[in-house]
Amino acid sequence: MTRFRQSGYELFLVGGAVRNLVLGGEPVDFDFATNATPDQVALAFRRVIPTGAKHGTVTIVHDSTHYEVTTYRAEGPYTDSRRPDRVEFISDIFADLARRDFTMNSMALDPLADRFLDPHNGEADIHNRLIRAIGDPHERFSEDALRMLRAIRFATQLEFVIDAPTFAAIGALSARLASVSLERIRDELTRILASRTPSQGFRMMAETGLLATFLPELVAAIGVEQRGRHHFDVFEHSIIAADAARRDNPDVRLAALLHDIGKPPTLEIRDGERTFHGHDGESARMTDAILRRLKYPNAVASRVAHLVRHHMFHYTDEWTDAAVRRFIARVGKESIADLIELRRADTYAVAAARGHEQSLAALLQRVADQLSSDHAVSLKDLAVNGRTLIEAGIPKGPLLGVVLEHLLETVIDDPSLNTPDTLVGIARRFYESRLATTPARIPTE
Ligand code: ATP
Ligand code: MG
């Protein structure tokens, strides 16, 4: 800030950092506003990244911390409820603050000059825990439809209330969110899911109509009642499961939100009973498609869909050690902890009460015991591999994989059989018996 002053420029701390200071917390990241142009900023500092120089933003790197500096600007015409077509650099900080989204985001602080600017009374709104659009909310949301979702994200994250006229405007204009890029929507969704109580945000998104524009599958779960011990419809069950899942595990939160997304399309009434046969597979398929559509990385989509696919297990202390190993083999050891956490959240959300915590903790312990005992739970743990079997006379081909799977099942049941000689013997006998029943596969040699 001193460097800017010495060069004759203004520099204010703006955005979330000032908001957090007023809230009594620590700034997490630092956004600055200045009357210097991006070129002028670049001349004054050694390390400057032209983050969005066209829109007036550059990043200054200082002591390996990144600071975003944006030139005061007015936004050009908005044609389609998205970002402005062009921006215009201006010299007046007040005009810059007026183009921002909410009163709590339109304060500016220059600690060196001891200047605190709050032209839209953001400080008072923060003390009343209120989110309020600057000026006419209809105009602000028509300019940039993402602001509607930001309002709900901030309300969820900060546990604030959205002012009534602002909330009503979101309800009236929610359909316009469809014109916003899915990447920007995903970023807000991710932050809602990382909040203490994401369900608050999902209820607001459903009520205003925003949710229907990018996640209609979840809207379809509203009012879908369940049987048995379930206290909630599928929508409430899903969002309460997301609340219950660990906040620091984004994959499990997504899995909790989507684990029953296949229930509405699989609902059938049989003999007067409501059933959801095959909903786990359908939920997994839909989860994968939804997360790809929302531009999550493919690896995230696959991991979360995998958890959803396997969420329907019912552990009891009657499971044998072999059953525990079969469970590990089916799910994969890298997913077990997340899957158990998903199951815990799912069980909690049946009646918003603790259920199987102890038995799931016991299962986690038994999984750890099996893993530390070095018993085989995957093909690479076998005492033989494909090459050993080929050397022992079993030909290359599709049957080789089937033989290996059979060996894994065998040693999962009885770990003492996991030695090269024993497995080669079992493999030969199994191969010959399979040859007898699949004549088409007999090799010609
Ligand atoms: P956080 O960083 O915690 O998300 P923030 O308020 O700093 O909160 P940013 O997205 O970093 O949010 O944006 C910085 C500031 O830029 C905001 O406080 C707001 O003043 C302004 N701003 C950001 N996005 C918009 C938008 N879509 N419309 C209007 N102003 C915006
Ligand atoms: Mg910020």
# chains A, B, ... in the order shown; residues from 1 in each chain; ligands from 1

$ residues_around --residues "Thr51 (chain A)" --least-positions-apart "3" --cutoff "10 Å" --atoms "only C-alpha atoms" --output "ChimeraX atom specification"
/A:48,54-60,68-70

$ write_last_selection --atoms "all heavy atoms" --output "mmCIF file, in the first residue's frame"
data_model
loop_
_atom_site.group_PDB
_atom_site.id
_atom_site.type_symbol
_atom_site.label_atom_id
_atom_site.label_comp_id
_atom_site.auth_asym_id
_atom_site.auth_seq_id
_atom_site.Cartn_x
_atom_site.Cartn_y
_atom_site.Cartn_z
ATOM 1 N N VAL A 48 4.186 -9.411 -11.323
ATOM 2 C CA VAL A 48 2.769 -9.143 -11.557
ATOM 3 C C VAL A 48 2.244 -10.137 -12.589
ATOM 4 O O VAL A 48 2.842 -10.316 -13.647
ATOM 5 C CB VAL A 48 2.563 -7.695 -12.058
ATOM 6 C CG1 VAL A 48 1.129 -7.473 -12.477
ATOM 7 C CG2 VAL A 48 2.962 -6.699 -10.979
ATOM 8 N N LYS A 54 -7.598 -7.459 -19.045
ATOM 9 C CA LYS A 54 -8.632 -6.870 -19.886
ATOM 10 C C LYS A 54 -9.774 -6.301 -19.026
ATOM 11 O O LYS A 54 -10.357 -5.275 -19.332
ATOM 12 C CB LYS A 54 -9.178 -7.952 -20.832
ATOM 13 C CG LYS A 54 -9.843 -7.444 -22.081
ATOM 14 C CD LYS A 54 -10.011 -8.581 -23.092
ATOM 15 C CE LYS A 54 -10.702 -9.766 -22.457
ATOM 16 N NZ LYS A 54 -11.956 -10.173 -23.027
ATOM 17 N N HIS A 55 -10.084 -7.032 -17.932
ATOM 18 C CA HIS A 55 -11.126 -6.558 -17.023
ATOM 19 C C HIS A 55 -10.542 -5.724 -15.884
ATOM 20 O O HIS A 55 -11.232 -5.402 -14.932
ATOM 21 C CB HIS A 55 -11.918 -7.740 -16.451
ATOM 22 C CG HIS A 55 -12.758 -8.416 -17.485
ATOM 23 N ND1 HIS A 55 -12.391 -9.599 -18.079
ATOM 24 C CD2 HIS A 55 -13.932 -8.052 -18.052
ATOM 25 C CE1 HIS A 55 -13.310 -9.933 -18.970
ATOM 26 N NE2 HIS A 55 -14.256 -9.023 -18.973
ATOM 27 N N GLY A 56 -9.232 -5.455 -15.956
ATOM 28 C CA GLY A 56 -8.625 -4.556 -14.983
ATOM 29 C C GLY A 56 -7.971 -5.244 -13.802
ATOM 30 O O GLY A 56 -7.526 -4.574 -12.886
ATOM 31 N N THR A 57 -7.882 -6.570 -13.820
ATOM 32 C CA THR A 57 -7.330 -7.274 -12.661
ATOM 33 C C THR A 57 -5.940 -7.825 -12.923
ATOM 34 O O THR A 57 -5.712 -8.519 -13.912
ATOM 35 C CB THR A 57 -8.249 -8.445 -12.240
ATOM 36 O OG1 THR A 57 -9.547 -7.923 -11.980
ATOM 37 C CG2 THR A 57 -7.733 -9.126 -10.971
ATOM 38 N N VAL A 58 -4.996 -7.498 -12.036
ATOM 39 C CA VAL A 58 -3.677 -8.129 -12.063
ATOM 40 C C VAL A 58 -3.408 -8.691 -10.670
ATOM 41 O O VAL A 58 -4.008 -8.255 -9.698
ATOM 42 C CB VAL A 58 -2.553 -7.140 -12.457
ATOM 43 C CG1 VAL A 58 -2.750 -6.646 -13.874
ATOM 44 C CG2 VAL A 58 -2.491 -5.992 -11.482
ATOM 45 N N THR A 59 -2.525 -9.685 -10.600
ATOM 46 C CA THR A 59 -2.183 -10.282 -9.316
ATOM 47 C C THR A 59 -0.746 -9.909 -8.977
ATOM 48 O O THR A 59 0.163 -10.145 -9.775
ATOM 49 C CB THR A 59 -2.327 -11.810 -9.381
ATOM 50 O OG1 THR A 59 -3.674 -12.113 -9.738
ATOM 51 C CG2 THR A 59 -2.014 -12.452 -8.026
ATOM 52 N N ILE A 60 -0.568 -9.313 -7.802
ATOM 53 C CA ILE A 60 0.782 -8.980 -7.342
ATOM 54 C C ILE A 60 1.237 -10.088 -6.415
ATOM 55 O O ILE A 60 0.501 -10.483 -5.500
ATOM 56 C CB ILE A 60 0.805 -7.627 -6.595
ATOM 57 C CG1 ILE A 60 0.412 -6.506 -7.561
ATOM 58 C CG2 ILE A 60 2.186 -7.371 -5.992
ATOM 59 C CD1 ILE A 60 0.336 -5.153 -6.895
ATOM 60 N N GLU A 68 -4.890 -9.685 -5.391
ATOM 61 C CA GLU A 68 -5.571 -9.246 -6.614
ATOM 62 C C GLU A 68 -5.835 -7.748 -6.545
ATOM 63 O O GLU A 68 -6.382 -7.255 -5.562
ATOM 64 C CB GLU A 68 -6.900 -9.980 -6.775
ATOM 65 C CG GLU A 68 -6.708 -11.457 -7.062
ATOM 66 C CD GLU A 68 -7.766 -12.007 -8.012
ATOM 67 O OE1 GLU A 68 -8.898 -11.496 -7.977
ATOM 68 O OE2 GLU A 68 -7.423 -12.926 -8.769
ATOM 69 N N VAL A 69 -5.403 -7.045 -7.594
ATOM 70 C CA VAL A 69 -5.580 -5.602 -7.647
ATOM 71 C C VAL A 69 -6.392 -5.277 -8.893
ATOM 72 O O VAL A 69 -6.014 -5.640 -10.009
ATOM 73 C CB VAL A 69 -4.215 -4.884 -7.714
ATOM 74 C CG1 VAL A 69 -4.413 -3.380 -7.834
ATOM 75 C CG2 VAL A 69 -3.380 -5.219 -6.475
ATOM 76 N N THR A 70 -7.530 -4.622 -8.707
ATOM 77 C CA THR A 70 -8.404 -4.310 -9.831
ATOM 78 C C THR A 70 -8.563 -2.803 -9.953
ATOM 79 O O THR A 70 -8.816 -2.113 -8.968
ATOM 80 C CB THR A 70 -9.783 -4.976 -9.633
ATOM 81 O OG1 THR A 70 -9.579 -6.375 -9.443
ATOM 82 C CG2 THR A 70 -10.672 -4.773 -10.850
#

$ residues_near_ligand --ligand "ligand 2" --cutoff "9 Å" --atoms "only C-alpha atoms and all ligand atoms" --output "list of chain:residue names"
A:Val14, A:Gly15, A:Gly16, A:Ala17, A:Val28, A:Asp29, A:Phe30, A:Asp31, A:Glu68

$ write_last_selection --atoms "C-alpha atoms" --output "JSON list (two decimals), in the first residue's frame"
[["chain", "number", "residue", "atom", "x", "y", "z"],
["A", 14, "VAL", "CA", -12.20, -4.13, -0.76],
["A", 15, "GLY", "CA", -14.46, -7.17, -0.91],
["A", 16, "GLY", "CA", -14.33, -10.17, 1.40],
["A", 17, "ALA", "CA", -11.33, -8.95, 3.42],
["A", 28, "VAL", "CA", -8.64, -14.85, 4.12],
["A", 29, "ASP", "CA", -7.77, -13.39, 0.76],
["A", 30, "PHE", "CA", -7.04, -9.83, -0.26],
["A", 31, "ASP", "CA", -8.79, -7.95, -3.05],
["A", 68, "GLU", "CA", -5.57, -9.25, -6.61]]

$ residues_near_ligand --ligand "ligand 1" --cutoff "10 Å" --atoms "only C-alpha atoms and all ligand atoms" --output "PyMOL selection string"
chain A and resi 14-20+27-33+68+70+75+82-84+96-108+133-134+140-141+143-151+153-154+157-158+184+187-188+191

$ residues_around --residues "Asp260 (chain A)" --least-positions-apart "3" --cutoff "9 Å" --atoms "only C-alpha atoms" --output "PyMOL selection string"
chain A and resi 221+234-235+237-238+256-257+263-264+279-280+282-284+308

$ select_by_dssp --residues "region 86-310 of chain A" --states "alpha helix (DSSP H)" --output "ChimeraX atom specification"
/A:93-98,122-127,137-143,146-158,164-173,182-193,198-208,210-214,216-219,234-244,250-258,263-266,279-293,298-309

$ closest_residue --among "A:Thr266, A:Gln365, A:Thr156, A:Thr213" --to "Ala194 (chain A)" --atoms "only C-alpha atoms"
A:Thr156

$ closest_residue --among "A:Arg47, A:Thr208, A:Ala362, A:Arg429" --to "Asp63 (chain A)" --atoms "only C-alpha atoms"
A:Arg47

$ residues_around --residues "Asn128 (chain A)" --least-positions-apart "5" --cutoff "10 Å" --atoms "only C-alpha atoms" --output "list in words"
Gly122, Glu123, Phe160 and Val161 of chain A

$ closest_atom_pairs --of "region 169-247 of chain A" --to "region 333-354 of chain A" --cutoff "10 Å" --atoms "only C-alpha atoms" --output "tab-separated table"
residue	atom	partner	partner_atom	distance
A:Gln226	CA	A:Val350	CA	9.7
A:Gly228	CA	A:Val350	CA	9.6
A:Arg229	CA	A:Val350	CA	6.8
A:His230	CA	A:Val350	CA	4.9
A:His231	CA	A:Ala351	CA	5.2
A:Phe232	CA	A:Val350	CA	7.0
A:Asp233	CA	A:Val350	CA	9.6
A:Val234	CA	A:Val350	CA	9.7
A:Glu236	CA	A:Ala349	CA	8.4
A:His237	CA	A:Ala349	CA	5.4
A:Ser238	CA	A:Ala349	CA	7.4
A:Ile239	CA	A:Ala349	CA	8.4
A:Ile240	CA	A:Ala349	CA	5.5
A:Ala241	CA	A:Ala349	CA	4.9
A:Ala242	CA	A:Ala345	CA	7.2
A:Asp243	CA	A:Ala345	CA	8.0
A:Ala244	CA	A:Ala345	CA	5.0
A:Ala245	CA	A:Ala345	CA	5.0
A:Arg246	CA	A:Glu341	CA	7.7

$ write_last_selection --atoms "C-alpha atoms" --output "mmCIF file, in the first residue's frame"
data_model
loop_
_atom_site.group_PDB
_atom_site.id
_atom_site.type_symbol
_atom_site.label_atom_id
_atom_site.label_comp_id
_atom_site.auth_asym_id
_atom_site.auth_seq_id
_atom_site.Cartn_x
_atom_site.Cartn_y
_atom_site.Cartn_z
ATOM 1 C CA GLN A 226 -40.185 -42.921 1.574
ATOM 2 C CA GLY A 228 -40.155 -47.421 6.906
ATOM 3 C CA ARG A 229 -38.144 -45.420 9.378
ATOM 4 C CA HIS A 230 -37.613 -42.508 6.984
ATOM 5 C CA HIS A 231 -38.870 -39.194 8.375
ATOM 6 C CA PHE A 232 -38.188 -37.071 5.305
ATOM 7 C CA ASP A 233 -38.863 -36.960 1.575
ATOM 8 C CA VAL A 234 -35.927 -37.790 -0.693
ATOM 9 C CA GLU A 236 -34.786 -33.366 2.662
ATOM 10 C CA HIS A 237 -33.077 -36.699 3.322
ATOM 11 C CA SER A 238 -30.400 -35.856 0.731
ATOM 12 C CA ILE A 239 -29.602 -32.348 1.957
ATOM 13 C CA ILE A 240 -29.597 -33.406 5.620
ATOM 14 C CA ALA A 241 -27.183 -36.199 4.659
ATOM 15 C CA ALA A 242 -24.935 -33.527 3.087
ATOM 16 C CA ASP A 243 -25.030 -31.542 6.367
ATOM 17 C CA ALA A 244 -24.168 -34.676 8.346
ATOM 18 C CA ALA A 245 -21.173 -35.637 6.191
ATOM 19 C CA ARG A 246 -17.784 -34.308 7.233
#

$ closest_residue --among "A:Ala255, A:Ala164, A:Ala376, A:Leu23" --to "Leu291 (chain A)" --atoms "only C-alpha atoms"
A:Ala255

$ select_by_dssp --residues "region 12-218 of chain A" --states "strand (DSSP E)" --output "tab-separated table (two decimals) with N, CA, C and O atoms, in the first residue's frame"
chain	number	residue	atom	x	y	z
A	12	PHE	N	-7.26	0.75	-2.16
A	12	PHE	CA	-8.15	0.38	-1.05
A	12	PHE	C	-8.27	-1.15	-0.97
A	12	PHE	O	-8.32	-1.83	-2.00
A	13	LEU	N	-8.34	-1.62	0.25
A	13	LEU	CA	-8.74	-3.01	0.47
A	13	LEU	C	-10.26	-3.06	0.29
A	13	LEU	O	-10.97	-2.19	0.81
A	14	VAL	N	-10.75	-4.04	-0.50
A	14	VAL	CA	-12.20	-4.13	-0.76
A	14	VAL	C	-12.64	-5.59	-0.64
A	14	VAL	O	-11.82	-6.48	-0.42
A	31	ASP	N	-8.47	-8.62	-1.79
A	31	ASP	CA	-8.79	-7.95	-3.05
A	31	ASP	C	-8.57	-6.44	-2.83
A	31	ASP	O	-9.00	-5.90	-1.81
A	32	PHE	N	-7.89	-5.81	-3.79
A	32	PHE	CA	-7.65	-4.37	-3.70
A	32	PHE	C	-8.26	-3.67	-4.91
A	32	PHE	O	-8.42	-4.29	-5.98
A	33	ALA	N	-8.60	-2.40	-4.72
A	33	ALA	CA	-9.06	-1.56	-5.84
A	33	ALA	C	-8.14	-0.34	-5.91
A	33	ALA	O	-7.72	0.19	-4.88
A	34	THR	N	-7.85	0.08	-7.14
A	34	THR	CA	-6.92	1.21	-7.33
A	34	THR	C	-7.32	2.06	-8.52
A	34	THR	O	-8.04	1.58	-9.40
A	48	VAL	N	4.19	-9.41	-11.32
A	48	VAL	CA	2.77	-9.14	-11.56
A	48	VAL	C	2.24	-10.14	-12.59
A	48	VAL	O	2.84	-10.32	-13.65
A	49	ILE	N	1.17	-10.82	-12.25
A	49	ILE	CA	0.56	-11.77	-13.19
A	49	ILE	C	-0.67	-11.09	-13.80
A	49	ILE	O	-1.53	-10.59	-13.07
A	50	PRO	N	-0.76	-11.05	-15.14
A	50	PRO	CA	-1.92	-10.39	-15.77
A	50	PRO	C	-3.18	-11.27	-15.73
A	50	PRO	O	-3.68	-11.70	-16.76
A	51	THR	N	-3.70	-11.51	-14.52
A	51	THR	CA	-4.82	-12.44	-14.31
A	51	THR	C	-5.99	-12.18	-15.26
A	51	THR	O	-6.47	-13.07	-15.93
A	52	GLY	N	-6.47	-10.94	-15.24
A	52	GLY	CA	-7.60	-10.59	-16.12
A	52	GLY	C	-7.43	-9.14	-16.51
A	52	GLY	O	-8.31	-8.31	-16.30
A	57	THR	N	-7.88	-6.57	-13.82
A	57	THR	CA	-7.33	-7.27	-12.66
A	57	THR	C	-5.94	-7.83	-12.92
A	57	THR	O	-5.71	-8.52	-13.91
A	58	VAL	N	-5.00	-7.50	-12.04
A	58	VAL	CA	-3.68	-8.13	-12.06
A	58	VAL	C	-3.41	-8.69	-10.67
A	58	VAL	O	-4.01	-8.26	-9.70
A	59	THR	N	-2.53	-9.69	-10.60
A	59	THR	CA	-2.18	-10.28	-9.32
A	59	THR	C	-0.75	-9.91	-8.98
A	59	THR	O	0.16	-10.15	-9.77
A	60	ILE	N	-0.57	-9.31	-7.80
A	60	ILE	CA	0.78	-8.98	-7.34
A	60	ILE	C	1.24	-10.09	-6.42
A	60	ILE	O	0.50	-10.48	-5.50
A	61	VAL	N	2.44	-10.62	-6.68
A	61	VAL	CA	2.98	-11.67	-5.82
A	61	VAL	C	4.01	-11.03	-4.90
A	61	VAL	O	4.97	-10.42	-5.36
A	62	HIS	N	3.77	-11.14	-3.61
A	62	HIS	CA	4.68	-10.52	-2.64
A	62	HIS	C	4.89	-11.49	-1.50
A	62	HIS	O	3.91	-11.95	-0.89
A	65	THR	N	2.71	-14.51	-1.38
A	65	THR	CA	1.26	-14.37	-1.23
A	65	THR	C	0.73	-13.63	-2.46
A	65	THR	O	1.42	-12.77	-3.01
A	66	HIS	N	-0.49	-14.02	-2.89
A	66	HIS	CA	-1.08	-13.39	-4.07
A	66	HIS	C	-2.10	-12.33	-3.67
A	66	HIS	O	-2.93	-12.59	-2.80
A	67	TYR	N	-1.99	-11.15	-4.28
A	67	TYR	CA	-2.93	-10.06	-4.00
A	67	TYR	C	-3.55	-9.63	-5.31
A	67	TYR	O	-2.84	-9.25	-6.24
A	68	GLU	N	-4.89	-9.69	-5.39
A	68	GLU	CA	-5.57	-9.25	-6.61
A	68	GLU	C	-5.83	-7.75	-6.54
A	68	GLU	O	-6.38	-7.25	-5.56
A	69	VAL	N	-5.40	-7.05	-7.59
A	69	VAL	CA	-5.58	-5.60	-7.65
A	69	VAL	C	-6.39	-5.28	-8.89
A	69	VAL	O	-6.01	-5.64	-10.01
A	70	THR	N	-7.53	-4.62	-8.71
A	70	THR	CA	-8.40	-4.31	-9.83
A	70	THR	C	-8.56	-2.80	-9.95
A	70	THR	O	-8.82	-2.11	-8.97
A	71	THR	N	-8.40	-2.34	-11.19
A	71	THR	CA	-8.57	-0.91	-11.45
A	71	THR	C	-10.04	-0.52	-11.29
A	71	THR	O	-10.92	-1.29	-11.70
A	73	ARG	N	-13.57	0.51	-11.92
A	73	ARG	CA	-14.19	0.37	-13.24
A	73	ARG	C	-15.70	0.52	-13.15
A	73	ARG	O	-16.31	0.30	-12.11
A	74	ALA	N	-16.26	0.89	-14.28
A	74	ALA	CA	-17.71	0.84	-14.46
A	74	ALA	C	-17.92	-0.26	-15.47
A	74	ALA	O	-17.03	-0.54	-16.27
A	75	GLU	N	-19.05	-0.94	-15.39
A	75	GLU	CA	-19.22	-2.05	-16.31
A	75	GLU	C	-20.05	-1.60	-17.50
A	75	GLU	O	-21.00	-0.84	-17.35
A	87	VAL	N	-15.45	-3.45	-20.00
A	87	VAL	CA	-15.41	-2.61	-18.80
A	87	VAL	C	-14.70	-1.32	-19.15
A	87	VAL	O	-13.93	-1.25	-20.11
A	88	GLU	N	-15.00	-0.33	-18.35
A	88	GLU	CA	-14.42	0.98	-18.60
A	88	GLU	C	-13.69	1.38	-17.32
A	88	GLU	O	-14.25	1.30	-16.24
A	89	PHE	N	-12.40	1.75	-17.42
A	89	PHE	CA	-11.66	2.17	-16.24
A	89	PHE	C	-12.08	3.59	-15.86
A	89	PHE	O	-12.26	4.44	-16.75
A	108	ALA	N	-14.81	-0.08	1.50
A	108	ALA	CA	-13.40	0.04	1.12
A	108	ALA	C	-12.61	0.60	2.29
A	108	ALA	O	-13.11	1.45	3.03
A	109	LEU	N	-11.38	0.09	2.45
A	109	LEU	CA	-10.57	0.50	3.60
A	109	LEU	C	-9.16	0.84	3.15
A	109	LEU	O	-8.51	0.06	2.45
A	110	ASP	N	-8.70	2.04	3.55
A	110	ASP	CA	-7.30	2.41	3.34
A	110	ASP	C	-6.70	2.68	4.72
A	110	ASP	O	-6.83	3.78	5.25
A	115	ARG	N	-8.90	5.76	6.09
A	115	ARG	CA	-10.18	6.03	5.42
A	115	ARG	C	-10.99	4.74	5.33
A	115	ARG	O	-10.50	3.73	4.83
A	116	PHE	N	-12.24	4.79	5.82
A	116	PHE	CA	-13.16	3.66	5.68
A	116	PHE	C	-14.38	4.17	4.94
A	116	PHE	O	-15.09	5.05	5.42
A	117	LEU	N	-14.61	3.64	3.72
A	117	LEU	CA	-15.73	4.10	2.90
A	117	LEU	C	-16.84	3.07	2.94
A	117	LEU	O	-16.60	1.87	2.69
A	130	LEU	N	-27.51	-9.30	7.38
A	130	LEU	CA	-28.44	-9.15	6.27
A	130	LEU	C	-27.71	-9.02	4.94
A	130	LEU	O	-26.77	-8.24	4.82
A	131	ILE	N	-28.17	-9.75	3.94
A	131	ILE	CA	-27.61	-9.62	2.60
A	131	ILE	C	-28.59	-8.82	1.76
A	131	ILE	O	-29.76	-9.19	1.64
A	161	VAL	N	-29.24	-13.72	6.64
A	161	VAL	CA	-30.57	-13.78	6.03
A	161	VAL	C	-30.54	-12.87	4.80
A	161	VAL	O	-29.90	-11.82	4.81
A	162	ILE	N	-31.25	-13.27	3.75
A	162	ILE	CA	-31.35	-12.41	2.57
A	162	ILE	C	-32.53	-11.46	2.77
A	162	ILE	O	-33.64	-11.92	3.07

$ residues_around --residues "Pro250 (chain A)" --least-positions-apart "3" --cutoff "8 Å" --atoms "only C-alpha atoms" --output "JSON, numbers by chain"
{"A": [190, 193, 194, 247, 253, 254]}

$ residues_around --residues "Glu159 (chain A)" --least-positions-apart "4" --cutoff "10 Å" --atoms "only C-alpha atoms" --output "list of chain:residue names"
A:Arg129, A:Leu130, A:Ile152, A:Arg153, A:Phe154, A:Ala155, A:Ser195, A:Arg196, A:Thr197, A:Gln200, A:Gly201

$ write_last_selection --atoms "N, CA, C and O atoms" --output "CSV table (one decimal), in the first residue's frame"
chain,number,residue,atom,x,y,z
A,129,ARG,N,-26.8,-9.0,10.1
A,129,ARG,CA,-26.6,-10.3,9.4
A,129,ARG,C,-27.6,-10.3,8.2
A,129,ARG,O,-28.3,-11.3,8.0
A,130,LEU,N,-27.5,-9.3,7.4
A,130,LEU,CA,-28.4,-9.2,6.3
A,130,LEU,C,-27.7,-9.0,4.9
A,130,LEU,O,-26.8,-8.2,4.8
A,152,ILE,N,-27.2,-16.5,-2.2
A,152,ILE,CA,-27.6,-17.7,-1.4
A,152,ILE,C,-26.3,-18.4,-0.9
A,152,ILE,O,-26.3,-18.8,0.2
A,153,ARG,N,-25.2,-18.3,-1.7
A,153,ARG,CA,-24.0,-18.8,-1.2
A,153,ARG,C,-23.5,-18.1,0.0
A,153,ARG,O,-23.1,-18.7,1.1
A,154,PHE,N,-23.5,-16.7,0.0
A,154,PHE,CA,-23.1,-15.9,1.1
A,154,PHE,C,-24.0,-16.2,2.3
A,154,PHE,O,-23.5,-16.3,3.5
A,155,ALA,N,-25.3,-16.3,2.1
A,155,ALA,CA,-26.3,-16.5,3.2
A,155,ALA,C,-26.0,-17.8,3.9
A,155,ALA,O,-26.0,-18.0,5.1
A,195,SER,N,-20.0,-25.2,3.4
A,195,SER,CA,-20.5,-24.5,4.5
A,195,SER,C,-20.9,-25.4,5.7
A,195,SER,O,-21.1,-26.6,5.4
A,196,ARG,N,-21.2,-24.8,6.8
A,196,ARG,CA,-21.5,-25.7,8.0
A,196,ARG,C,-22.8,-26.4,7.7
A,196,ARG,O,-22.9,-27.6,8.0
A,197,THR,N,-23.8,-25.7,7.1
A,197,THR,CA,-25.1,-26.3,6.9
A,197,THR,C,-25.6,-26.1,5.5
A,197,THR,O,-26.4,-25.2,5.2
A,200,GLN,N,-29.4,-25.4,4.2
A,200,GLN,CA,-30.0,-24.1,4.2
A,200,GLN,C,-30.0,-23.5,2.8
A,200,GLN,O,-31.0,-23.0,2.3
A,201,GLY,N,-28.8,-23.6,2.1
A,201,GLY,CA,-28.7,-23.1,0.8
A,201,GLY,C,-29.5,-23.9,-0.2
A,201,GLY,O,-30.2,-23.3,-1.1

$ closest_residue --among "A:Ala44, A:Ala206, A:Met312, A:Leu215" --to "His259 (chain A)" --atoms "only C-alpha atoms"
A:Met312

$ residues_around --residues "Thr422 (chain A)" --least-positions-apart "4" --cutoff "12 Å" --atoms "only C-alpha atoms" --output "compact mmCIF listing (two decimals) with N, CA and C atoms, in the first residue's frame"
# COMPACT_ATOMS: atom_id res chain seq x y z
N LEU A 382 -2.12 -61.27 -4.78
CA LEU A 382 -2.02 -62.72 -4.96
C LEU A 382 -0.56 -63.17 -5.06
N ALA A 383 -0.28 -64.42 -4.61
CA ALA A 383 1.08 -64.97 -4.68
C ALA A 383 1.47 -65.33 -6.11
N VAL A 384 0.50 -65.26 -7.04
CA VAL A 384 0.81 -65.49 -8.46
C VAL A 384 0.25 -64.32 -9.26
N LEU A 389 0.97 -67.82 -14.21
CA LEU A 389 -0.01 -68.79 -14.69
C LEU A 389 0.30 -69.21 -16.13
N LEU A 407 -9.11 -67.07 -8.25
CA LEU A 407 -8.07 -67.23 -7.23
C LEU A 407 -8.25 -66.20 -6.12
N THR A 410 -10.99 -67.18 -3.89
CA THR A 410 -10.57 -68.33 -3.09
C THR A 410 -9.73 -67.90 -1.89
N VAL A 411 -8.75 -67.01 -2.11
CA VAL A 411 -7.90 -66.63 -0.97
C VAL A 411 -8.59 -65.63 -0.05
N ASP A 414 -10.12 -68.06 2.17
CA ASP A 414 -9.14 -68.79 2.99
C ASP A 414 -7.73 -68.28 2.67
N PRO A 415 -7.26 -67.30 3.44
CA PRO A 415 -5.97 -66.67 3.15
C PRO A 415 -4.80 -67.66 3.17
N SER A 416 -4.94 -68.81 3.86
CA SER A 416 -3.82 -69.74 3.96
C SER A 416 -3.48 -70.36 2.60
N LEU A 417 -4.39 -70.24 1.62
CA LEU A 417 -4.14 -70.83 0.30
C LEU A 417 -3.27 -69.92 -0.58
N ASN A 418 -2.90 -68.74 -0.10
CA ASN A 418 -2.19 -67.77 -0.94
C ASN A 418 -0.69 -68.07 -1.03
N ILE A 426 -4.74 -74.83 -8.00
CA ILE A 426 -6.16 -74.44 -8.06
C ILE A 426 -6.47 -73.86 -9.44
N ALA A 427 -5.55 -73.08 -9.97
CA ALA A 427 -5.77 -72.43 -11.26
C ALA A 427 -5.92 -73.49 -12.36
N ARG A 428 -5.04 -74.50 -12.34
CA ARG A 428 -5.11 -75.54 -13.39
C ARG A 428 -6.46 -76.26 -13.34
N ARG A 429 -6.85 -76.70 -12.11
CA ARG A 429 -8.11 -77.43 -11.99
C ARG A 429 -9.28 -76.56 -12.45
